Amino acid sequence: MCGIVGYIGPSEAQNFLLEGLRRLEYRGYDSSGLAIVGRDGTLQVCKAAGRIDTLAGKLRKEHLKGSTGIGHTRWATHGQATDENAHPHFGGEGEVAVVHNGVIENYASLRERLIKAGYEFHSATDTEVIAHLIADCLSKQQAHSWDDQHPHGRFAPLVVAVEQTLAQLKGTYGLAVTFREYPDVLIAARLGSPLVVGIGVGEHFLASDASPLMGWTEKIVYLSEHQLALITPDHLKVIHRDKGDVQPHFQILEGEATSMDLGEFQHHMLKEIYEQPNSLRDALRGRLLEDEATAHFGGLNLTPQQLRQIDRIVFTGCGTSFHAGLVGEYLIEEFARIPVEVEYASELRYRNPPMSHNTLCFAITQSGETADTLAALREMKRKGHATLSICNVVDSTIAREADGGIYLHAGPEIGVASTKAFTSQCVVLATLALYLGRMHHLSFAEGLRLIESLRSLPDLVEEALACNDQVRQIAEKYYECDNFLYLGRQYNYPTALEGALKLKEISYIHAEGYPAAEMKHGPIALVDQRTPSVFVIPRGAVFDKVMSNLEEIKARGGPIIAVANEGDKRVAEVADDTLFIPKADEFLYPILASIPLQLLAFHIAVLRGCDVDKPRNLAKSVTVE
Ligand code: G6P
């Protein structure tokens, strides 16, 4: 979802800004733009609906010269994806430029007031209101005489104007502001939408997540809620709304820019699918303890005694992360015998479920920035529950606000459709089930068996990836179908939901995931020769039951694609097409079966000519409600 970049220093701002925007493309966007303060006292702008390549094409013709600037990728909330609605937006007579992530809920009344005061609007966005408000407050501040000794020096009117503006806004924002008359300053402010400042030598960078900063600097500062940053080439001042000047908390940026490169692949999604043996190894690294037949997590911040007291667990998340939570429900109830509930974060944040004192709430999230998940976490904290996160992005808002947590260590996930983060979430949940299980019912021998299975998983995933060519052939057969059913039971019911979501997200085909037996109560009416059913049917406790469901679809003439165990002739004889995964402990099948399902969605989307890594209307990181 929307992305922000900013630069101030000795170099041409456009270079970092444009590259930074490209690094933010993965978040999902529909237009982009830059504003640069020229050395000749102008505030120049270039904006374009569509891809960043369109913006880059325009910039080749009208290079923006100057060393202070801001840039933005927009994901439309208020107003369509047009050049006019793209950020930056200008305030007053063009003396202020603003880029904004988030949503201003009271923008309509503010807009009305500003129009009455004579301000002219050029877009349908909520952001333009912020730009005019800053310009309005600034003109009033500049009318005052300012003490030269003011702690914010000659930038005091700017800081006060921004602060006065923020006080009038209801909603969420990550903001970056430049001023035509002040080419040597950049102001950023945060409430609800993340911002990170990169520290260079005689220069500063700004971005809405750390990915654009990789390779430019290693020293960073995350802004916290209600903080404002006054940034000049040589100095960073952080001011809190209530506490005044605060000491910035410097951190080292980990990761490399190269991890975002495509390498030999043409799509990030395929690259990330193939990274899974390694991302799973990284998720397990140092966490399995054979000596005690249990697991170890460094960051839970709860003692084993406190954890033993937990009598209920709530997993919350959105999209794919919610599906991982469902896998976790099966795992934890099975191995640890603790009741688990899985709630959509967008529902949990407004629900008021009765919760026992000893409920532990886990926010599951790849990005750590999803607005609904963050709100649900905060609501659980407000109620006094212990909150933990299972998160990929280190130091993201959710990782920082939770009382503790578990990192996935999956590396940057760029493809909008989550793949490696999902399987890492599942393996972390399985490891957590082992850990909690060993505190309750699991014997030493059972613990060891689970460890052995988990250790074998990365190699099994490697084997599962060998089906890629066969998946492509199957995709060729079915890619023109308009509807798909995905069916599985028990552990593989969430796998079916996730398989359907993958197809929907990137190929725009209608797909429904269902518990296999439940299809008799509705979806079976959809079955015809052009509606394939994808069955997740490895051997296990419910194999025969799922086989009956499969026969029921077959009897009604529906094509069947099965994901079954290597060499399973019984399935292969009935299904039209069978994809094989290696035999494994049953609890690993949600991970193993996801591999062919991810590949199937990928190949179908490619055959349909879809933009796999940047599917229409979707965003990687959904930072609005
Ligand atoms: C968006 C993404 C999904 C993701 C969901 C939750 O909808 O497109 O791929 O599963 O957000 O994101 P999170 O970062 O919280 O896991």
# chains A, B, ... in the order shown; residues from 1 in each chain; ligands from 1
>>> residues_around(residues="range 72-78 of chain A", least_positions_apart="4", cutoff="7 Å", atoms="only C-alpha atoms", output="list in words")
Met1, Cys2, Gly3, Ile4, Val5, Leu21, Gly28, Tyr29, Asp30, Ser31, Ser32, Gly33, Leu34, Ala86, His87, Pro88, Val99, Ala124, Thr125 and Asp126 of chain A
>>> write_last_selection(atoms="N, CA and C atoms", output="PDB file, in the first residue's frame")
ATOM      1  N   MET A   1       0.859  -1.180   0.000  1.00  0.00           N
ATOM      2  CA  MET A   1       0.000   0.000   0.000  1.00  0.00           C
ATOM      3  C   MET A   1       0.895   1.230   0.000  1.00  0.00           C
ATOM      4  N   CYS A   2       0.348   2.424  -0.114  1.00  0.00           N
ATOM      5  CA  CYS A   2       1.137   3.645  -0.330  1.00  0.00           C
ATOM      6  C   CYS A   2       2.543   3.592   0.270  1.00  0.00           C
ATOM      7  N   GLY A   3       3.477   4.211  -0.423  1.00  0.00           N
ATOM      8  CA  GLY A   3       4.852   4.254   0.069  1.00  0.00           C
ATOM      9  C   GLY A   3       5.392   5.670   0.022  1.00  0.00           C
ATOM     10  N   ILE A   4       6.315   5.957   0.926  1.00  0.00           N
ATOM     11  CA  ILE A   4       6.907   7.303   1.014  1.00  0.00           C
ATOM     12  C   ILE A   4       8.421   7.191   0.916  1.00  0.00           C
ATOM     13  N   VAL A   5       9.043   8.121   0.211  1.00  0.00           N
ATOM     14  CA  VAL A   5      10.490   8.289   0.270  1.00  0.00           C
ATOM     15  C   VAL A   5      10.812   9.773   0.384  1.00  0.00           C
ATOM     16  N   LEU A  21      11.348   4.476  -4.740  1.00  0.00           N
ATOM     17  CA  LEU A  21       9.963   4.156  -5.136  1.00  0.00           C
ATOM     18  C   LEU A  21       9.903   2.779  -5.784  1.00  0.00           C
ATOM     19  N   GLY A  28       2.279  -2.480  -3.531  1.00  0.00           N
ATOM     20  CA  GLY A  28       1.021  -2.292  -4.268  1.00  0.00           C
ATOM     21  C   GLY A  28       0.746  -0.804  -4.404  1.00  0.00           C
ATOM     22  N   TYR A  29       0.436  -0.341  -5.611  1.00  0.00           N
ATOM     23  CA  TYR A  29       0.193   1.084  -5.841  1.00  0.00           C
ATOM     24  C   TYR A  29      -0.455   1.238  -7.201  1.00  0.00           C
ATOM     25  N   ASP A  30      -0.984   2.425  -7.478  1.00  0.00           N
ATOM     26  CA  ASP A  30      -1.573   2.643  -8.793  1.00  0.00           C
ATOM     27  C   ASP A  30      -1.123   3.943  -9.435  1.00  0.00           C
ATOM     28  N   SER A  31      -0.327   4.734  -8.736  1.00  0.00           N
ATOM     29  CA  SER A  31       0.228   5.952  -9.321  1.00  0.00           C
ATOM     30  C   SER A  31       1.412   6.375  -8.459  1.00  0.00           C
ATOM     31  N   SER A  32       2.207   7.310  -8.967  1.00  0.00           N
ATOM     32  CA  SER A  32       3.390   7.706  -8.190  1.00  0.00           C
ATOM     33  C   SER A  32       3.775   9.138  -8.548  1.00  0.00           C
ATOM     34  N   GLY A  33       4.656   9.707  -7.758  1.00  0.00           N
ATOM     35  CA  GLY A  33       5.078  11.078  -8.051  1.00  0.00           C
ATOM     36  C   GLY A  33       6.219  11.534  -7.162  1.00  0.00           C
ATOM     37  N   LEU A  34       6.885  12.618  -7.602  1.00  0.00           N
ATOM     38  CA  LEU A  34       8.001  13.217  -6.855  1.00  0.00           C
ATOM     39  C   LEU A  34       7.796  14.718  -6.790  1.00  0.00           C
ATOM     40  N   ALA A  86      -2.527  11.635  -7.807  1.00  0.00           N
ATOM     41  CA  ALA A  86      -1.238  11.112  -7.330  1.00  0.00           C
ATOM     42  C   ALA A  86      -0.589  12.153  -6.414  1.00  0.00           C
ATOM     43  N   HIS A  87       0.203  11.681  -5.432  1.00  0.00           N
ATOM     44  CA  HIS A  87       0.937  12.598  -4.560  1.00  0.00           C
ATOM     45  C   HIS A  87       2.249  12.938  -5.257  1.00  0.00           C
ATOM     46  N   PRO A  88       2.957  13.978  -4.874  1.00  0.00           N
ATOM     47  CA  PRO A  88       2.707  14.958  -3.831  1.00  0.00           C
ATOM     48  C   PRO A  88       1.566  15.908  -4.173  1.00  0.00           C
ATOM     49  N   VAL A  99       3.473  14.412   0.919  1.00  0.00           N
ATOM     50  CA  VAL A  99       3.074  13.040   0.588  1.00  0.00           C
ATOM     51  C   VAL A  99       2.544  12.401   1.865  1.00  0.00           C
ATOM     52  N   ALA A 124      -9.078  14.920  -5.656  1.00  0.00           N
ATOM     53  CA  ALA A 124     -10.185  14.415  -4.829  1.00  0.00           C
ATOM     54  C   ALA A 124      -9.650  13.771  -3.552  1.00  0.00           C
ATOM     55  N   THR A 125      -8.378  13.989  -3.240  1.00  0.00           N
ATOM     56  CA  THR A 125      -7.757  13.243  -2.137  1.00  0.00           C
ATOM     57  C   THR A 125      -7.978  13.905  -0.783  1.00  0.00           C
ATOM     58  N   ASP A 126      -7.813  13.088   0.256  1.00  0.00           N
ATOM     59  CA  ASP A 126      -7.819  13.642   1.616  1.00  0.00           C
ATOM     60  C   ASP A 126      -6.490  14.352   1.902  1.00  0.00           C
TER      61      ASP A 126
END
>>> residues_around(residues="range 408-412 of chain A", least_positions_apart="3", cutoff="10 Å", atoms="only C-alpha atoms", output="number ranges by chain")
A: 211, 255-257, 259-260, 272, 275-276, 278-285, 365-367, 390-394, 405, 415, 420-428
>>> select_by_dssp(residues="range 223-333 of chain A", states="strand (DSSP E)", output="PyMOL selection string")
chain A and resi 227-231+236-240+244-246+250-252+288-289+294-295+312-317
>>> closest_atom_pairs(of="range 550-621 of chain A", to="range 311-327 of chain A", cutoff="12 Å", atoms="only C-alpha atoms", output="tab-separated table")
residue	atom	partner	partner_atom	distance
A:Phe587	CA	A:Val327	CA	9.0
A:Leu588	CA	A:Val327	CA	10.0
A:Tyr589	CA	A:Val327	CA	10.2
A:Pro590	CA	A:Val327	CA	7.3
A:Ile591	CA	A:Val327	CA	9.4
A:Ser594	CA	A:Ala324	CA	11.3
A:Leu618	CA	A:Gly319	CA	11.4
A:Ala619	CA	A:Gly319	CA	11.4
A:Lys620	CA	A:Gly319	CA	10.6
A:Ser621	CA	A:Cys318	CA	10.6
>>> write_last_selection(atoms="N, CA, C and O atoms", output="CSV table (one decimal), in the first residue's frame")
chain,number,residue,atom,x,y,z
A,587,PHE,N,1.1,-33.6,10.3
A,587,PHE,CA,1.1,-32.1,10.6
A,587,PHE,C,1.9,-31.3,9.7
A,587,PHE,O,1.7,-30.1,9.7
A,588,LEU,N,2.7,-31.9,8.8
A,588,LEU,CA,3.5,-31.1,7.9
A,588,LEU,C,2.8,-30.9,6.6
A,588,LEU,O,3.3,-30.1,5.7
A,589,TYR,N,1.7,-31.6,6.3
A,589,TYR,CA,1.1,-31.5,5.0
A,589,TYR,C,0.6,-30.1,4.7
A,589,TYR,O,0.6,-29.7,3.5
A,590,PRO,N,0.1,-29.3,5.6
A,590,PRO,CA,-0.3,-27.9,5.2
A,590,PRO,C,0.8,-27.2,4.5
A,590,PRO,O,0.6,-26.4,3.6
A,591,ILE,N,2.1,-27.5,4.9
A,591,ILE,CA,3.2,-26.8,4.3
A,591,ILE,C,3.6,-27.5,3.0
A,591,ILE,O,3.7,-26.8,2.0
A,594,SER,N,1.1,-26.9,0.2
A,594,SER,CA,1.0,-25.5,-0.3
A,594,SER,C,1.9,-25.3,-1.5
A,594,SER,O,1.7,-24.4,-2.3
A,618,LEU,N,-4.6,-5.0,-5.3
A,618,LEU,CA,-4.1,-5.5,-4.0
A,618,LEU,C,-2.9,-4.7,-3.6
A,618,LEU,O,-2.2,-4.1,-4.4
A,619,ALA,N,-2.6,-4.8,-2.3
A,619,ALA,CA,-1.4,-4.2,-1.7
A,619,ALA,C,-0.7,-5.2,-0.9
A,619,ALA,O,-1.4,-6.1,-0.3
A,620,LYS,N,0.6,-5.1,-0.8
A,620,LYS,CA,1.3,-6.1,0.0
A,620,LYS,C,1.1,-5.8,1.5
A,620,LYS,O,1.0,-6.7,2.3
A,621,SER,N,1.1,-4.5,1.8
A,621,SER,CA,1.0,-4.1,3.2
A,621,SER,C,-0.2,-3.2,3.4
A,621,SER,O,-0.1,-2.1,2.9
>>> closest_residue(among="A:Ala295, A:Leu223, A:Val612, A:Val536", to="Lys504 in chain A", atoms="only C-alpha atoms")
A:Val612
>>> closest_residue(among="A:Glu62, A:Glu333, A:Glu25, A:Glu203", to="Ile8 in chain A", atoms="only C-alpha atoms")
A:Glu203
>>> residues_around(residues="Leu599 in chain A", least_positions_apart="3", cutoff="8 Å", atoms="only C-alpha atoms", output="number ranges by chain")
A: 270, 273, 468, 471-472, 595-596, 602-603
>>> residues_around(residues="Leu600 in chain A", least_positions_apart="2", cutoff="12 Å", atoms="only C-alpha atoms", output="MDAnalysis selection string")
chainID A and resid 269:270 273 465 467:479 484 486 499:504 506:507 534 561:563 579 593:598 602:607
>>> write_last_selection(atoms="N, CA and C atoms", output="short mmCIF file (atom, residue, chain, number, x, y, z; two decimals), in the first residue's frame")
data_model
loop_
_atom_site.label_atom_id
_atom_site.label_comp_id
_atom_site.auth_asym_id
_atom_site.auth_seq_id
_atom_site.Cartn_x
_atom_site.Cartn_y
_atom_site.Cartn_z
N MET A 269 7.45 -13.81 -7.05
CA MET A 269 6.66 -14.88 -6.43
C MET A 269 7.33 -16.23 -6.64
N LEU A 270 7.77 -16.49 -7.88
CA LEU A 270 8.41 -17.79 -8.15
C LEU A 270 9.72 -17.90 -7.37
N ILE A 273 8.84 -18.75 -3.91
CA ILE A 273 8.39 -20.14 -3.77
C ILE A 273 9.62 -21.05 -3.66
N LEU A 465 9.10 -29.29 -4.67
CA LEU A 465 9.27 -28.29 -5.74
C LEU A 465 9.55 -28.93 -7.10
N CYS A 467 7.83 -30.79 -8.68
CA CYS A 467 6.61 -30.95 -9.49
C CYS A 467 6.35 -29.76 -10.42
N ASN A 468 7.25 -28.77 -10.39
CA ASN A 468 6.97 -27.53 -11.11
C ASN A 468 6.56 -27.72 -12.58
N ASP A 469 7.31 -28.58 -13.32
CA ASP A 469 7.00 -28.74 -14.75
C ASP A 469 5.62 -29.35 -14.93
N GLN A 470 5.33 -30.32 -14.08
CA GLN A 470 4.03 -30.97 -14.20
C GLN A 470 2.90 -29.98 -13.86
N VAL A 471 3.15 -29.13 -12.88
CA VAL A 471 2.13 -28.13 -12.52
C VAL A 471 1.87 -27.22 -13.72
N ARG A 472 2.96 -26.86 -14.42
CA ARG A 472 2.78 -25.97 -15.57
C ARG A 472 1.87 -26.64 -16.61
N GLN A 473 2.08 -27.94 -16.84
CA GLN A 473 1.24 -28.65 -17.83
C GLN A 473 -0.22 -28.67 -17.40
N ILE A 474 -0.42 -28.88 -16.10
CA ILE A 474 -1.81 -28.91 -15.60
C ILE A 474 -2.44 -27.52 -15.74
N ALA A 475 -1.63 -26.50 -15.46
CA ALA A 475 -2.12 -25.13 -15.58
C ALA A 475 -2.59 -24.86 -17.01
N GLU A 476 -1.84 -25.39 -17.99
CA GLU A 476 -2.21 -25.18 -19.39
C GLU A 476 -3.59 -25.76 -19.70
N LYS A 477 -3.89 -26.85 -19.01
CA LYS A 477 -5.17 -27.51 -19.25
C LYS A 477 -6.36 -26.71 -18.68
N TYR A 478 -6.13 -26.03 -17.58
CA TYR A 478 -7.27 -25.45 -16.84
C TYR A 478 -7.30 -23.92 -16.78
N TYR A 479 -6.31 -23.24 -17.35
CA TYR A 479 -6.19 -21.82 -17.02
C TYR A 479 -7.35 -20.96 -17.52
N PHE A 484 -12.97 -22.28 -9.55
CA PHE A 484 -12.26 -23.43 -8.98
C PHE A 484 -12.77 -23.67 -7.56
N TYR A 486 -11.47 -25.54 -3.96
CA TYR A 486 -10.31 -26.12 -3.27
C TYR A 486 -10.85 -26.81 -2.02
N GLY A 499 -4.90 -22.11 -0.77
CA GLY A 499 -4.74 -22.39 -2.20
C GLY A 499 -5.71 -21.55 -3.03
N ALA A 500 -6.95 -21.47 -2.55
CA ALA A 500 -7.97 -20.69 -3.27
C ALA A 500 -7.62 -19.20 -3.26
N LEU A 501 -7.13 -18.74 -2.11
CA LEU A 501 -6.77 -17.31 -2.03
C LEU A 501 -5.64 -16.98 -3.00
N LYS A 502 -4.66 -17.88 -3.10
CA LYS A 502 -3.53 -17.62 -4.02
C LYS A 502 -4.05 -17.45 -5.45
N LEU A 503 -4.95 -18.37 -5.86
CA LEU A 503 -5.44 -18.32 -7.24
C LEU A 503 -6.22 -17.03 -7.48
N LYS A 504 -7.11 -16.72 -6.55
CA LYS A 504 -7.94 -15.52 -6.64
C LYS A 504 -7.07 -14.27 -6.77
N ILE A 506 -3.95 -13.66 -7.71
CA ILE A 506 -3.05 -13.33 -8.82
C ILE A 506 -3.60 -13.67 -10.19
N SER A 507 -4.66 -14.50 -10.28
CA SER A 507 -5.16 -14.82 -11.62
C SER A 507 -6.56 -14.25 -11.84
N VAL A 534 -9.89 -28.85 -6.70
CA VAL A 534 -8.53 -29.19 -6.30
C VAL A 534 -8.62 -29.83 -4.92
N ILE A 561 -8.29 -32.17 -9.73
CA ILE A 561 -6.83 -32.09 -9.60
C ILE A 561 -6.54 -32.48 -8.15
N ALA A 562 -5.72 -33.50 -7.96
CA ALA A 562 -5.47 -33.93 -6.58
C ALA A 562 -4.02 -33.65 -6.19
N VAL A 563 -3.85 -33.29 -4.93
CA VAL A 563 -2.51 -33.21 -4.36
C VAL A 563 -2.42 -34.37 -3.39
N LEU A 579 -0.94 -34.31 -8.49
CA LEU A 579 0.37 -33.76 -8.15
C LEU A 579 0.84 -34.44 -6.89
N ALA A 593 1.77 -29.41 1.03
CA ALA A 593 0.73 -29.33 -0.02
C ALA A 593 0.60 -27.91 -0.56
N SER A 594 1.05 -26.93 0.21
CA SER A 594 0.97 -25.54 -0.28
C SER A 594 1.90 -25.33 -1.47
N ILE A 595 2.95 -26.11 -1.56
CA ILE A 595 3.94 -25.86 -2.63
C ILE A 595 3.29 -26.03 -4.02
N PRO A 596 2.69 -27.22 -4.33
CA PRO A 596 2.05 -27.31 -5.65
C PRO A 596 0.90 -26.31 -5.83
N LEU A 597 0.22 -25.96 -4.75
CA LEU A 597 -0.89 -25.01 -4.90
C LEU A 597 -0.37 -23.60 -5.22
N GLN A 598 0.75 -23.23 -4.62
CA GLN A 598 1.35 -21.93 -4.96
C GLN A 598 1.77 -21.93 -6.43
N PHE A 602 0.51 -19.66 -9.59
CA PHE A 602 1.51 -18.89 -10.33
C PHE A 602 1.40 -19.16 -11.84
N HIS A 603 1.40 -20.44 -12.23
CA HIS A 603 1.42 -20.75 -13.67
C HIS A 603 0.11 -20.35 -14.34
N ILE A 604 -1.00 -20.52 -13.64
CA ILE A 604 -2.28 -20.10 -14.24
C ILE A 604 -2.26 -18.58 -14.46
N ALA A 605 -1.76 -17.85 -13.48
CA ALA A 605 -1.73 -16.38 -13.61
C ALA A 605 -0.83 -15.95 -14.77
N VAL A 606 0.32 -16.61 -14.91
CA VAL A 606 1.23 -16.27 -16.01
C VAL A 606 0.53 -16.55 -17.34
N LEU A 607 -0.12 -17.72 -17.44
CA LEU A 607 -0.79 -18.08 -18.69
C LEU A 607 -1.92 -17.10 -19.03
#
